[in-house]
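This is input.csv. It holds CSV, C-alpha atoms.
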```csv
chain,number,residue,atom,x,y,z
A,1,MET,CA,0.6,82.6,75.1
A,2,LEU,CA,0.6,85.6,72.7
A,3,PRO,CA,-2.3,87.3,71.0
A,4,VAL,CA,-2.5,86.9,67.2
A,5,TYR,CA,-2.5,90.6,66.7
A,6,PRO,CA,-0.2,92.4,66.7
A,7,GLU,CA,2.6,90.2,68.0
A,8,PHE,CA,2.2,87.1,66.0
A,9,LEU,CA,0.9,88.8,62.8
A,10,PHE,CA,3.9,91.2,62.9
A,11,LYS,CA,6.3,88.2,63.1
A,12,GLU,CA,4.6,86.6,60.1
A,13,LEU,CA,5.0,89.9,58.2
A,14,LEU,CA,8.7,90.0,59.0
A,15,ALA,CA,9.2,86.4,57.9
A,16,ALA,CA,7.4,87.0,54.6
A,17,LEU,CA,9.5,90.1,54.0
A,18,ALA,CA,12.7,88.1,54.7
A,19,CYS,CA,11.6,85.4,52.2
A,20,LEU,CA,11.0,88.0,49.6
A,21,LEU,CA,14.4,89.6,50.2
A,22,VAL,CA,16.1,86.2,49.9
A,23,LEU,CA,14.2,85.5,46.6
A,24,ALA,CA,15.1,88.9,45.2
A,25,TRP,CA,18.7,88.4,46.1
A,26,LEU,CA,18.8,85.0,44.4
A,27,GLY,CA,17.1,86.4,41.4
A,28,ALA,CA,19.7,89.1,41.0
A,29,LEU,CA,22.6,86.7,41.8
A,30,VAL,CA,21.8,83.5,39.9
A,31,GLN,CA,21.6,83.6,36.2
A,32,ALA,CA,18.7,81.5,34.9
A,33,PRO,CA,18.3,82.4,31.2
A,34,LEU,CA,15.8,80.8,28.9
A,35,ASP,CA,17.0,78.0,26.6
A,36,VAL,CA,17.2,78.3,22.9
A,37,PRO,CA,13.9,78.4,20.9
A,38,ALA,CA,12.5,75.0,20.2
A,39,ASP,CA,13.8,73.4,17.0
A,40,PRO,CA,11.8,70.5,15.6
A,41,GLU,CA,14.9,69.3,13.8
A,42,PHE,CA,17.1,69.1,16.9
A,43,THR,CA,16.4,67.4,20.2
A,44,PRO,CA,18.8,68.1,23.1
A,45,ASN,CA,20.4,65.2,24.8
A,46,PRO,CA,19.3,65.0,27.5
A,47,ALA,CA,16.0,66.9,27.3
A,48,LYS,CA,15.3,67.8,30.9
A,49,ALA,CA,12.0,69.1,32.3
A,50,PRO,CA,11.7,72.2,34.4
A,51,TRP,CA,13.2,71.7,37.9
A,52,TYR,CA,9.8,71.2,39.5
A,53,PHE,CA,9.1,68.2,37.2
A,54,LEU,CA,12.6,66.7,37.4
A,55,GLY,CA,11.6,64.4,40.3
A,56,ILE,CA,8.8,62.9,38.2
A,57,GLN,CA,11.1,62.7,35.2
A,58,GLU,CA,13.6,60.7,37.3
A,59,LEU,CA,10.8,58.3,38.3
A,60,LEU,CA,10.2,57.5,34.6
A,61,VAL,CA,13.5,55.7,34.7
A,62,TYR,CA,12.3,53.2,37.2
A,63,PHE,CA,8.6,52.7,36.4
A,64,ASP,CA,6.1,52.7,33.5
A,65,PRO,CA,5.1,56.2,32.4
A,66,TRP,CA,1.5,55.9,33.7
A,67,LEU,CA,2.9,54.7,37.1
A,68,ALA,CA,5.6,57.4,37.4
A,69,GLY,CA,3.6,60.2,35.8
A,70,VAL,CA,0.1,59.5,37.0
A,71,LEU,CA,-0.4,57.0,39.7
A,72,LEU,CA,2.5,57.8,42.0
A,73,PRO,CA,1.9,61.6,41.9
A,74,LEU,CA,-1.8,60.9,42.7
A,75,ILE,CA,-0.8,58.8,45.7
A,76,ILE,CA,1.6,61.5,46.8
A,77,VAL,CA,-1.1,64.2,46.6
A,78,ALA,CA,-3.7,61.9,48.3
A,79,GLY,CA,-1.3,61.1,51.0
A,80,LEU,CA,-0.6,64.8,51.8
A,81,ILE,CA,-4.3,65.4,51.9
A,82,LEU,CA,-5.0,62.4,54.2
A,83,ILE,CA,-2.2,63.0,56.7
A,84,PRO,CA,-4.3,65.3,59.0
A,85,PHE,CA,-7.2,62.9,58.9
A,86,LEU,CA,-5.1,59.8,59.5
A,87,ASP,CA,-3.2,61.3,62.4
A,88,ASN,CA,-5.8,63.4,64.2
A,89,ASP,CA,-4.5,62.9,67.7
A,90,PRO,CA,-5.5,66.0,69.8
A,91,ALA,CA,-2.4,65.5,72.0
A,92,GLY,CA,-0.3,67.3,69.4
A,93,ALA,CA,-2.7,70.2,68.8
A,94,GLY,CA,-1.0,73.6,69.0
A,95,SER,CA,2.5,72.0,69.3
A,96,TYR,CA,5.1,72.2,66.5
A,97,ALA,CA,7.5,69.7,68.0
A,98,PHE,CA,8.5,66.8,65.8
A,99,ARG,CA,8.1,64.3,68.5
A,100,GLY,CA,4.5,65.3,69.3
A,101,ARG,CA,3.2,64.4,65.8
A,102,ILE,CA,5.8,61.9,64.7
A,103,THR,CA,3.4,59.7,62.8
A,104,ALA,CA,2.4,62.6,60.6
A,105,ALA,CA,5.7,64.5,60.4
A,106,LEU,CA,7.9,61.4,59.7
A,107,PRO,CA,6.2,60.3,56.4
A,108,PHE,CA,5.8,64.0,55.3
A,109,THR,CA,9.5,64.7,55.9
A,110,GLY,CA,10.6,61.5,54.3
A,111,GLY,CA,8.5,62.1,51.2
A,112,LEU,CA,9.8,65.7,50.9
A,113,LEU,CA,13.4,64.5,51.2
A,114,LEU,CA,12.8,61.8,48.6
A,115,LEU,CA,11.4,64.3,46.1
A,116,ILE,CA,14.4,66.6,46.7
A,117,LEU,CA,16.8,63.6,46.2
A,118,LEU,CA,15.1,62.6,43.0
A,119,THR,CA,15.2,66.2,41.7
A,120,ALA,CA,18.9,66.4,42.6
A,121,MET,CA,19.7,63.1,40.9
A,122,SER,CA,18.0,64.2,37.7
A,123,ALA,CA,19.5,67.7,37.7
A,124,GLY,CA,23.1,66.9,38.7
A,125,PHE,CA,23.8,63.3,37.6
A,126,ARG,CA,21.9,62.6,34.4
A,127,GLY,CA,23.7,63.3,31.2
A,128,SER,CA,23.4,62.2,27.6
A,129,ASN,CA,21.0,59.3,27.0
A,130,TRP,CA,19.8,59.9,30.6
A,131,ASP,CA,22.8,57.9,31.8
A,132,TRP,CA,24.4,58.3,35.2
A,133,TYR,CA,27.3,60.7,35.2
A,134,TRP,CA,29.5,61.5,38.2
A,135,PRO,CA,30.6,65.1,38.6
A,136,TRP,CA,34.2,64.2,37.7
A,137,GLN,CA,33.3,62.4,34.5
A,138,ASP,CA,33.4,64.0,31.1
A,139,TRP,CA,29.9,65.2,30.2
A,140,SER,CA,30.8,66.5,26.8
A,141,MET,CA,31.2,63.1,25.2
A,142,ALA,CA,28.0,61.2,24.8
A,143,ARG,CA,28.2,57.6,25.9
A,144,PRO,CA,26.2,54.7,24.5
A,145,ALA,CA,22.9,54.1,26.2
A,146,ARG,CA,23.3,51.8,29.2
A,147,THR,CA,22.5,48.2,28.6
A,148,GLY,CA,22.6,45.0,30.6
A,149,PHE,CA,19.4,45.5,32.6
A,150,ARG,CA,17.5,42.4,33.8
A,151,SER,CA,14.1,41.8,35.2
A,152,LEU,CA,13.0,39.5,38.0
A,153,PRO,CA,10.7,36.6,36.9
A,154,ASN,CA,7.1,37.2,37.9
A,155,GLY,CA,7.2,34.0,40.0
A,156,LEU,CA,9.7,35.8,42.2
A,157,GLY,CA,8.6,39.4,41.9
A,158,LEU,CA,4.9,38.9,42.8
A,159,PRO,CA,5.6,37.0,46.0
A,160,LEU,CA,8.2,39.6,47.0
A,161,ILE,CA,5.7,42.4,46.6
A,162,GLY,CA,3.1,40.5,48.5
A,163,ILE,CA,5.4,39.6,51.4
A,164,TYR,CA,6.6,43.3,51.6
A,165,TYR,CA,3.1,44.8,51.8
A,166,LEU,CA,1.6,42.1,54.0
A,167,SER,CA,4.5,42.1,56.5
A,168,GLY,CA,4.5,45.9,56.5
A,169,LEU,CA,0.8,46.0,57.3
A,170,PHE,CA,0.6,43.3,59.9
A,171,LEU,CA,3.9,43.6,61.8
A,172,PRO,CA,3.1,47.1,63.2
A,173,PHE,CA,-0.3,45.7,64.2
A,174,ILE,CA,1.4,43.0,66.2
A,175,CYS,CA,3.9,45.3,67.8
A,176,ARG,CA,1.5,48.2,68.5
A,177,ARG,CA,-1.9,46.7,69.0
A,178,ASN,CA,-3.1,49.6,71.1
A,179,ARG,CA,-2.5,52.1,68.4
A,180,PHE,CA,-4.3,49.9,65.9
A,181,GLN,CA,-7.3,49.7,68.1
A,182,LYS,CA,-7.2,53.5,68.6
A,183,TRP,CA,-6.9,54.3,64.9
A,184,GLY,CA,-9.2,51.7,63.5
A,185,ARG,CA,-8.6,49.2,60.8
A,186,VAL,CA,-9.2,51.5,57.8
A,187,ARG,CA,-7.1,54.5,58.9
A,188,TYR,CA,-4.2,52.2,60.0
A,189,THR,CA,-4.2,50.3,56.7
A,190,VAL,CA,-4.3,53.4,54.6
A,191,TYR,CA,-1.5,55.1,56.6
A,192,PHE,CA,0.9,52.1,56.3
A,193,PHE,CA,0.0,51.5,52.7
A,194,LEU,CA,1.2,55.1,51.9
A,195,VAL,CA,4.4,54.7,54.0
A,196,LEU,CA,5.1,51.3,52.5
A,197,THR,CA,4.6,52.7,48.9
A,198,MET,CA,7.1,55.4,49.6
A,199,GLY,CA,9.6,52.8,50.9
A,200,ALA,CA,8.9,50.6,47.8
A,201,VAL,CA,9.9,53.5,45.5
A,202,ILE,CA,13.2,53.8,47.4
A,203,ILE,CA,13.8,50.1,47.1
A,204,LYS,CA,13.1,50.1,43.4
A,205,VAL,CA,15.5,53.0,42.8
A,206,LEU,CA,18.3,51.2,44.7
A,207,LEU,CA,17.6,48.0,42.7
A,208,ARG,CA,17.9,49.8,39.4
A,209,LEU,CA,21.0,51.8,40.3
A,210,ILE,CA,22.9,49.1,42.2
A,211,LEU,CA,21.8,45.7,40.7
A,212,ASN,CA,20.6,46.8,37.2
A,213,VAL,CA,17.1,45.4,37.9
A,214,ARG,CA,14.7,47.0,35.4
A,215,TYR,CA,11.4,45.5,36.5
A,216,ILE,CA,10.2,43.4,39.4
A,217,VAL,CA,6.9,42.4,37.8
A,218,GLN,CA,6.1,42.5,34.0
A,219,THR,CA,2.6,42.2,32.6
A,220,PRO,CA,1.0,43.1,29.3
A,221,TRP,CA,-0.7,46.1,31.0
A,222,PHE,CA,2.0,47.5,33.3
A,223,ASN,CA,5.5,46.9,34.5
A,224,ILE,CA,6.8,47.6,38.1
```
Go ahead and express the file in the form of structure tokens.
Amino acid sequence: MLPVYPEFLFKELLAALACLLVLAWLGALVQAPLDVPADPEFTPNPAKAPWYFLGIQELLVYFDPWLAGVLLPLIIVAGLILIPFLDNDPAGAGSYAFRGRITAALPFTGGLLLLILLTAMSAGFRGSNWDWYWPWQDWSMARPARTGFRSLPNGLGLPLIGIYYLSGLFLPFICRRNRFQKWGRVRYTVYFFLVLTMGAVIIKVLLRLILNVRYIVQTPWFNI
């Protein structure tokens, strides 16, 4: 047990100064010049967003624009806001151990790693026509846009999505009934919906990259 002032506050000040020192060192070491002025007669190929939007730009490859650019980011923000309310177990209060708050720390860490992975994929492996380029491939020669994508029939895609979400919501309830009763039906359902949605994004990315599956479900209003 330490008092907040001066011991803990002094440590926070040292940590903040260390972060500023590292940022200043990176700013002096890493060259990050501005790109050429915008030219309405020339569009770079590929046109990449700033690094903090690259993860969302990568999602545009796998989902409709309103899903990748609006709905999924809203779910991410809502999930981050709801984590403290969904997992409010007082047993982990005042503790920073991963095991003590695993139900809150695990989805947060997984979502953060997923965002980092999508950003790295977009920054390091997307070349001309937003096609996939390995580091050892020639990036100077533009390749034709990738073709040969296929979509699952709705008669197969809709049942797969339904089975995925229903099994994900009910199997944990069967295995951990005591936790379900402790959390309540609403909190439990919202929590696992968020976790399953993050898992669904990973599955859709793998289907696109490995099996060339463009959409699982196609409708006149949206495609998944």
Shell of 10 Å around Asn154 in chain A, only C-alpha atoms, local chain residues under 5 positions omitted, as a VMD selection string: chain A and resid 159 to 160 215 to 219
Nearby residues (only C-alpha atoms) at most 10 Å from range 130-139 of chain A, same-chain spacing under 4 positions excluded, as a PyMOL selection string: chain A and resi 45-48+58+61+121-122+124-126+143-146+209
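Between CA of Val201 in chain A and CA of Pro44 in chain A lies a distance of 28.2 Å.
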All residues 12 Å or closer to Thr109 in chain A, all atoms listed in the file, same chain fewer than 6 positions away omitted, as an MDAnalysis selection string: chainID A and resid 80 83 98 101:103 115:116 195 198
For CA of Arg99 in chain A and CA of Ala16 in chain A, the interatomic separation in Å (one decimal): 26.6 Å
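Remark: for Arg208 in chain A, the closest of the candidate residues A:Ile224, A:Leu67, A:Leu20, A:Ala78 is A:Ile224 (distances computed over all atoms listed in the file).
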Enumerate, in order of chain and increasing residue number, the residues of range 77-155 of chain A with an atom no farther than 12 Å from range 186-192 of chain A, each with its shortest atom pair and distance in Å to one decimal, counting only C-alpha atoms, as JSON lines.
```
{"residue": "A:Ala78", "atom": "CA", "partner": "A:Val190", "partner_atom": "CA", "distance": 10.6}
{"residue": "A:Gly79", "atom": "CA", "partner": "A:Tyr191", "partner_atom": "CA", "distance": 8.2}
{"residue": "A:Leu80", "atom": "CA", "partner": "A:Tyr191", "partner_atom": "CA", "distance": 10.9}
{"residue": "A:Ile81", "atom": "CA", "partner": "A:Tyr191", "partner_atom": "CA", "distance": 11.7}
{"residue": "A:Leu82", "atom": "CA", "partner": "A:Tyr191", "partner_atom": "CA", "distance": 8.4}
{"residue": "A:Ile83", "atom": "CA", "partner": "A:Tyr191", "partner_atom": "CA", "distance": 7.9}
{"residue": "A:Pro84", "atom": "CA", "partner": "A:Tyr191", "partner_atom": "CA", "distance": 10.8}
{"residue": "A:Phe85", "atom": "CA", "partner": "A:Arg187", "partner_atom": "CA", "distance": 8.4}
{"residue": "A:Leu86", "atom": "CA", "partner": "A:Arg187", "partner_atom": "CA", "distance": 5.7}
{"residue": "A:Asp87", "atom": "CA", "partner": "A:Arg187", "partner_atom": "CA", "distance": 8.6}
{"residue": "A:Asn88", "atom": "CA", "partner": "A:Arg187", "partner_atom": "CA", "distance": 10.4}
{"residue": "A:Thr103", "atom": "CA", "partner": "A:Tyr191", "partner_atom": "CA", "distance": 9.1}
{"residue": "A:Ala104", "atom": "CA", "partner": "A:Tyr191", "partner_atom": "CA", "distance": 9.4}
{"residue": "A:Leu106", "atom": "CA", "partner": "A:Tyr191", "partner_atom": "CA", "distance": 11.7}
{"residue": "A:Pro107", "atom": "CA", "partner": "A:Tyr191", "partner_atom": "CA", "distance": 9.3}
{"residue": "A:Phe108", "atom": "CA", "partner": "A:Tyr191", "partner_atom": "CA", "distance": 11.6}
```
Using the file's own x, y and z axes, so that the box edges lie along x, y and z, what centre and edge lengths in Å (one decimal) does a box around every listed atom of range 4-19 of chain A get when 6 Å is added on each side? Give it as AutoDock Vina command-line options.
```
--center_x 5.1 --center_y 88.9 --center_z 60.1 --size_x 27.2 --size_y 19.0 --size_z 27.8
```
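Proximity ranking of A:Leu34, A:Ala120, A:Val4, A:Leu114 relative to Ile203 in chain A places A:Leu114 first, based on only C-alpha atoms.
Closest approach to Gly111 in chain A from the set A:Pro73, A:Pro37, A:Gly127, A:Gly157 is made by A:Pro73, with distances taken over only C-alpha atoms.
Going from CA of Val213 in chain A to CA of Leu156 in chain A covers 12.9 Å.
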Nearest residue to Gln57 in chain A from the set A:Thr43, A:Gln31, A:Thr119, A:Asn129 (distances using all atoms listed in the file): A:Thr119
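Considering all atoms listed in the file, the residue among A:Leu211, A:Phe193, A:Trp221, A:Pro6 positioned nearest to Ile75 in chain A is A:Phe193.
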Residue nearest Pro220 in chain A among A:Lys204, A:Ile76, A:Val30, A:Asp64 (counting all atoms listed in the file): A:Asp64
